[in-house]
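Asker: The structure is given below, and queries will be raised subsequently.
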Amino acid sequence: MDDLAEARRLAEDVTRAAAPPPPLVLLEGISKAYGPTQANRDVTFRVAPGEVVGLIGANGAGKSTLMRVLTGGTEPDAGRLVYDGEAVAWSQLSPRACHRMGIRIVHQELTLCPNLTAAENFFLEQPEHRRTSPRWLAPYRRAVRESMAAVFPGLGLDPNVRVGRLDIGARQMLEIARAAHDPRLRLLILDEPTSSLSSEQARALHSYVTRRAAEGLAVIFISHKLQEVLGVADRIVAMRNGAIVSDRPRAEVTLDDLIEAVGGRAAAALVQDAAAGAAGAVLVRLSGTLTAPLGRPVELRAGEVVGLAGLEGGGQKALLRRLFAPSAARGGEAARTGRATFVSGDRRGEGVFPLWSVFDNVAIGRIARQPALAPIRFAAERAAAAGGAERLSLATERLPDPILDLSGGNQQKTLLARGVVGDAPVMLLDDPTRGVDIGAKRDFYRVLRDVAQEGRLAIWHSTEDAELLECDRVLVLSQGRIVADLAGAAVTEEAIIGHGFAEPEPGAAAARRALLTPERVFEAIPFIGLAILVALMASRNPLVLSSFGMQLLLGPAVVLVLVALAQMFIVGGSEIDLGVGGFVSMVNVISATLLVSQPTLGAAMLVGGLAGYALLAVLIQLRGIPAIVVTLGASFIWLGIGRTIQPSPGGSAPEWLPDLFAWTIPGLPTPVVLILGAGLVAFALNRSSLGVVLRGFGSAPEALARLGWSPLRYGIWRYLIAGGFALTAGLYLTATNHASDINVGSAYTLLSVAGVVIGGCALFGGVISPLGVVAGAVTLALIGAALAMLGVGTDYNALVQGSLLILILGLRTLLNWRQGDAR
Amino acid sequence: MRADAARFLARYRWVWAALGVLLLWAALSLLTERVSLHALSGVAATAAFLLIAALGQMLVITTGRGNIDLSIPSVITLSAYLTVIIAAGLDTNLPVTLLAVAALGLGTGLVNAALVIVFRIPAIIATLATGYMLATLTLLANRQVKTGRTAETLAYLAAGRLGGVPVVALIALLLAIVIALALARLAYGRHLSATGQSWTAAGLASVRVGTTITVAFASSGVLAALAGMLLSAYSGGAFLEMGSPYLLQTVGAVVLGGTLIAGGSATAAGTLFGAVLLVLIIVTMQIGGLPPGSQDIVQGVVIVLVLAVAGPGRRR
């Protein structure tokens, strides 16, 4: 069977060699520079239909840049793209245009929304297959099953399971299946597709790729696993320093050729471990599983510059973080003696303080460890900062400038200066020279050398392997473990790359799936809580379960259920509405006064209120104002309007209003019907395609915007839905109380949040559950009655409800911690 | 020249609030006879209570990540009740009262901080919940209130005058100066600003983020408690809902003053002018005979508009 396939492919190779097919994609003369770094230089790259091209190269070789150019992620400085025989202007090439053209890339960083199901994630990307029916998701469920069966036969997964519950391998499979499912697909780009897959899953993917290629699909397969590339690609392209250094058919290359092409040399020849050389005191000691491949602990000493190398994601960053954490000072596998400073290469995300001057940004390195009440000695700080700046050849007259006025390289120098003035025995550097010009890099190397000579230890992770030649010693990591400890003459680029690539294919990451995940526990809590509460109350007084008892007890719960559902949709967007209580009060007042005396005006005002809710969404989306403040401001507007209309309690209900809420189903008291009805409406909304998009925005707004969903439009929808539920709550209050009071709603703001939390929703991340919220809200509403039955005064209501909220949130954090530890 | 001006305004954002105060004051003086020096001292006293609480709110907002202290109104109310009950109108009881009130503020602040830092509950929820729980204690305290008298010294501090200037305004001014100096001159000011700009970057720069945030919440609690104590003396007692206007107004004073709502940059001077401006706006509305409802509307609109125009500084 295998032989047969092999023979067929050989035959294909021969025919291809005879008459090369016209390429599907031709990238010609691509050059792209990021600041001083030439990421691509004059690269010409082609892929033909039915061809699988393996793309390999060390970190920073330029593969990702080339793929970003091809998929419309970035515009090159020079070069052209010919797609299917036609030149494509760079300005027309966007990620969405690529989708239309049939170019799909599956990234290493996964882009699925973790809070949505597999089928819902398929929908977000290909909404055009949606039907208007309650079973609108069915085609997507089928798509998940079909596509998974096609790509990973026998490894299918449940399309209704939330992606966040899948292990990383399953998510990667799903991501690949989603791209492969696109009927327009003509070029599939897989970037490290098997990094989290088991060997069985990887094999399935390989044979799928081969199969689809035979049908005419073009594939670019990017992988650090050279064996894998040799197994799957028809042609292998190697990049180094932004240029293509080798482009040969698979039949003509060996594994050693490939290792050499990416800049390494066969690793076995170079295994040469470091002798503990430097004489300084041991400042860092690594042991246990971290150093298992070496079979001995690693001790790093004062006076050393130690590099951390390995393929991206090999555990270098994680090791630096572990060493920086306070727990490292207490020992363990990664133990540190003395203080440490950290210099991050992610300037924007975790380095620069954007509101500050250069001086402030440097000085915080010293000031951070001073006691809070210590006065700042500005003269001393200025001298120290100037000293740090001078060491890095950063002009001291730039110190008063805002940090953001500086170039990236100078910003990075500022961060290094911060680390230097921090004066700690251990300096940790996380890829500090990323995107920095060569002059600045030289300054960096010199300073690190100086710092080591002063008797400090510098531990330095770089994604540029060549740069690690500046180190006395290099630890190569793979799969989170140290696989080589190179020192002195053994520190060569070839050795570093060789060891990084040499690690055999990893075993399957154990696919564990806990039965009792925190999410499941929290989904069950509201229902269990409600059952316990009702049982407790019924044991005290059996009348609770009678129709009359329920009528009496659940009447007040209807409002809270409606308000909590309103809050739930806002929380689903990772926001909180502090004005919902005020809005309910305002609706109560308007409907009990104006709606009675001047029905048209009253109705207009209610509609205006809804429009006001939509306006909140507009302000939040367009001006980027935090929802908390906007809704807090709005709450005063709602209350103000209510007070203006009716300063003291009073009013009456419009005659027709009570009938609106007088639903009956034989055997069920009206409040029960209303509560269930509200829950079902929310449930249906949440399950609708609109609800899916809203939840998607709650967890990954950028991803949805990239897929073409409008944040503004769906923000407005979200607030309109919430406003609708709150409006209904206000009307219900009028219908049952036959009067209004502007202060009636004030407690509902907190109670609604509590109901949402008890109902099992996450405050951030778009995980919501309407039925849980209904149960949670009913529980909260019943607590008052339960307390009264137990002989506790109603004064304690707020205390119990508030404590319940805090208790559940605290528990959730604790459970998440434990789960985090288990991973 | 122009760039210098822009830089000046970016650095001293309180200038806008100060200008607002001046303009509104000038307009009021021109338009109505009723604005006198006496009215000015009334404005100063009202603004002083707001300022004391708003300074705490400012510290919390500056810790970033959308942090906000919603428990301030409850602390103010409960503190007022504690003052009435414990002091019972006697000067000799004041030290104990001060201790109790400070303990209330400190305790609330520490609980808030623990919920935010240890349990990672968003500040908005944590403070909303603690405030809500305090409301129960307030209800219980409401039953205990017997006396309507105010201790003399406290009455002097809250409602007295020193050379024509309300003493409480001097207290608030002193607090604002102390906090302004602490922010500008002590290591804490840098720690707070760094934390507010980015928790991650601050942590990696070795700032003790947890301690910094705890201090902010604790200060906010203590300042609110102090405001409540003085307020009870000023208004001659305690009543439910006494603190509720301070929910929006503290945020309003902070935002109007130019403190960034996204965190990382605080200005005590701005909060001072913001508090005065907000009180002036309210006074203007009262002079104009606007009903209380409309005053609420205007306050809400002003704060949302200021944010909409000024923007949040930067996006989260």
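The chains in the structure tokens are called A, B, ... from first to last as shown; in each chain the residues are counted from 1, and the ligands are counted from 1 in the order shown.
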With 7 Å as the limit and counting only C-alpha atoms, what residues in chain A lie close to chain B? Please list them as a ChimeraX atom specification.
Answerer: /A:341-342,350-351,353,365,367-376,619,623-625,630,632-634,636-637,640-641,643-644,750,795-796,798-799,802,809-810,813
Asker: Could you pull the residues within 9 Å of Gly105 in chain B, counting only C-alpha atoms, minus those fewer than 5 positions along the same chain, as number ranges by chain?
Answerer: B: 75-76, 79, 100, 110, 218-226
Asker: Using Å and a single decimal, report how far CA of Ser64 in chain A sits from CA of Pro95 in chain A.
Answerer: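 Between CA of Pro95 in chain A and CA of Ser64 in chain A the gap is 14.7 Å.
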Asker: Go through range 55-263 of chain B and collect every residue that DSSP, computed from the backbone, puts in strand (DSSP E); the answer should be as a list in words.
Answerer: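 Here is the list: Arg161, Leu162, Val165 and Pro166 of chain B.
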Asker: Keeping only C-alpha atoms, write the selected residues as a CSV table (one decimal), in the first residue's frame.
Answerer:
chain,number,residue,atom,x,y,z
B,161,ARG,CA,-14.8,78.6,60.3
B,162,LEU,CA,-11.2,79.7,60.7
B,165,VAL,CA,-12.7,79.8,55.8
B,166,PRO,CA,-14.6,76.6,56.6
Asker: Rounded to one decimal place, report the CA of Val53 in chain A-CA of Asp191 in chain A distance in Å.
Answerer: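 Rounded to one decimal, the two atoms are 11.9 Å apart.
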Asker: Rank B:Val15, B:Leu231, B:Leu24, B:Ile85 by their smallest atom-to-atom distance to Thr259 in chain B, using only C-alpha atoms, and report the top residue only.
Answerer: B:Val15
Asker: Enter the distance from CA of Asp485 in chain A to CA of Leu300 in chain A, in Å, rounded to one decimal.
Answerer: 10.9 Å
Asker: If you run DSSP on this backbone, which residues of range 16-170 of chain A come out as helix (DSSP H, G or I), and could you give them as a VMD selection string?
Answerer: chain A and resid 16 to 18 63 to 70 90 to 92 95 to 101 118 to 125 127 to 129 138 to 151 163 to 165 168 to 170
Asker: I need the chosen residues saved as a tab-separated table (two decimals), in the first residue's frame, with C-alpha atoms.
Answerer:
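The result, written out as result.tsv:
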chain	number	residue	atom	x	y	z
A	16	ARG	CA	6.03	17.27	-12.98
A	17	ALA	CA	9.70	17.50	-13.72
A	18	ALA	CA	8.94	16.94	-17.37
A	63	LYS	CA	9.31	32.14	7.05
A	64	SER	CA	6.62	33.88	9.07
A	65	THR	CA	7.21	37.18	7.32
A	66	LEU	CA	6.92	35.53	3.92
A	67	MET	CA	3.64	33.90	4.93
A	68	ARG	CA	2.34	37.16	6.36
A	69	VAL	CA	3.06	38.78	2.99
A	70	LEU	CA	1.28	36.01	1.16
A	90	TRP	CA	-0.79	44.41	-2.49
A	91	SER	CA	-3.44	46.94	-1.56
A	92	GLN	CA	-6.16	44.44	-2.50
A	95	PRO	CA	-6.82	38.47	5.19
A	96	ARG	CA	-10.46	38.49	4.10
A	97	ALA	CA	-9.58	38.81	0.42
A	98	CYS	CA	-7.34	35.79	0.86
A	99	HIS	CA	-10.29	33.81	2.19
A	100	ARG	CA	-12.23	34.71	-0.90
A	101	MET	CA	-9.34	33.72	-3.14
A	118	ALA	CA	-16.78	23.59	17.58
A	119	ALA	CA	-19.80	24.05	15.34
A	120	GLU	CA	-20.25	27.67	16.41
A	121	ASN	CA	-16.63	28.37	15.59
A	122	PHE	CA	-17.20	26.97	12.12
A	123	PHE	CA	-20.17	29.32	11.76
A	124	LEU	CA	-18.21	32.45	12.72
A	125	GLU	CA	-15.87	31.86	9.84
A	127	PRO	CA	-21.64	32.54	8.13
A	128	GLU	CA	-23.00	32.28	4.60
A	129	HIS	CA	-24.26	28.72	5.14
A	138	ALA	CA	-27.16	21.81	12.05
A	139	PRO	CA	-25.18	22.34	8.80
A	140	TYR	CA	-22.20	23.45	10.88
A	141	ARG	CA	-22.40	20.43	13.14
A	142	ARG	CA	-22.40	18.30	10.05
A	143	ALA	CA	-19.46	20.28	8.69
A	144	VAL	CA	-17.46	19.64	11.85
A	145	ARG	CA	-18.15	15.92	11.70
A	146	GLU	CA	-17.44	15.64	7.99
A	147	SER	CA	-14.31	17.68	8.04
A	148	MET	CA	-12.90	15.99	11.13
A	149	ALA	CA	-13.69	12.61	9.59
A	150	ALA	CA	-11.93	13.64	6.39
A	151	VAL	CA	-8.77	15.04	7.98
A	163	VAL	CA	-13.61	24.46	22.46
A	164	GLY	CA	-12.13	25.63	25.75
A	165	ARG	CA	-12.74	22.14	27.14
A	168	ILE	CA	-4.61	21.70	22.79
A	169	GLY	CA	-4.18	18.87	20.32
A	170	ALA	CA	-7.90	18.64	19.67
Asker: For Phe273 in chain B, which residue out of B:Val254, B:Ala158, B:Leu104, B:Ala17 is the nearest one, using only C-alpha atoms?
Answerer: B:Ala17
Asker: Let me make sure I understand: among A:Val584, A:Leu477, A:Ile716, A:Leu668, which one has the smallest atom-to-atom distance to Leu622 in chain A if we use only C-alpha atoms?
Answerer: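 When distances to Leu622 in chain A are compared using only C-alpha atoms, the smallest one comes from A:Ile716.
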Asker: Hey, which of A:Asp465, A:Pro402, A:Leu290, A:Gly338 ends up closest to Ala424 in chain A? Count only C-alpha atoms.
Answerer: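 The closest residue to Ala424 in chain A is A:Gly338.
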Asker: Using only C-alpha atoms, which protein or nucleic acid residues come within 8 Å of Ala155 in chain B? Drop anything in the same chain fewer than 3 positions from it, and give the result as a list in words.
Answerer: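 The residues that qualify are Thr150, Ala151, Glu152, Ala158, Ala159, Gly160, Leu230, Ala233 and Tyr234 of chain B.
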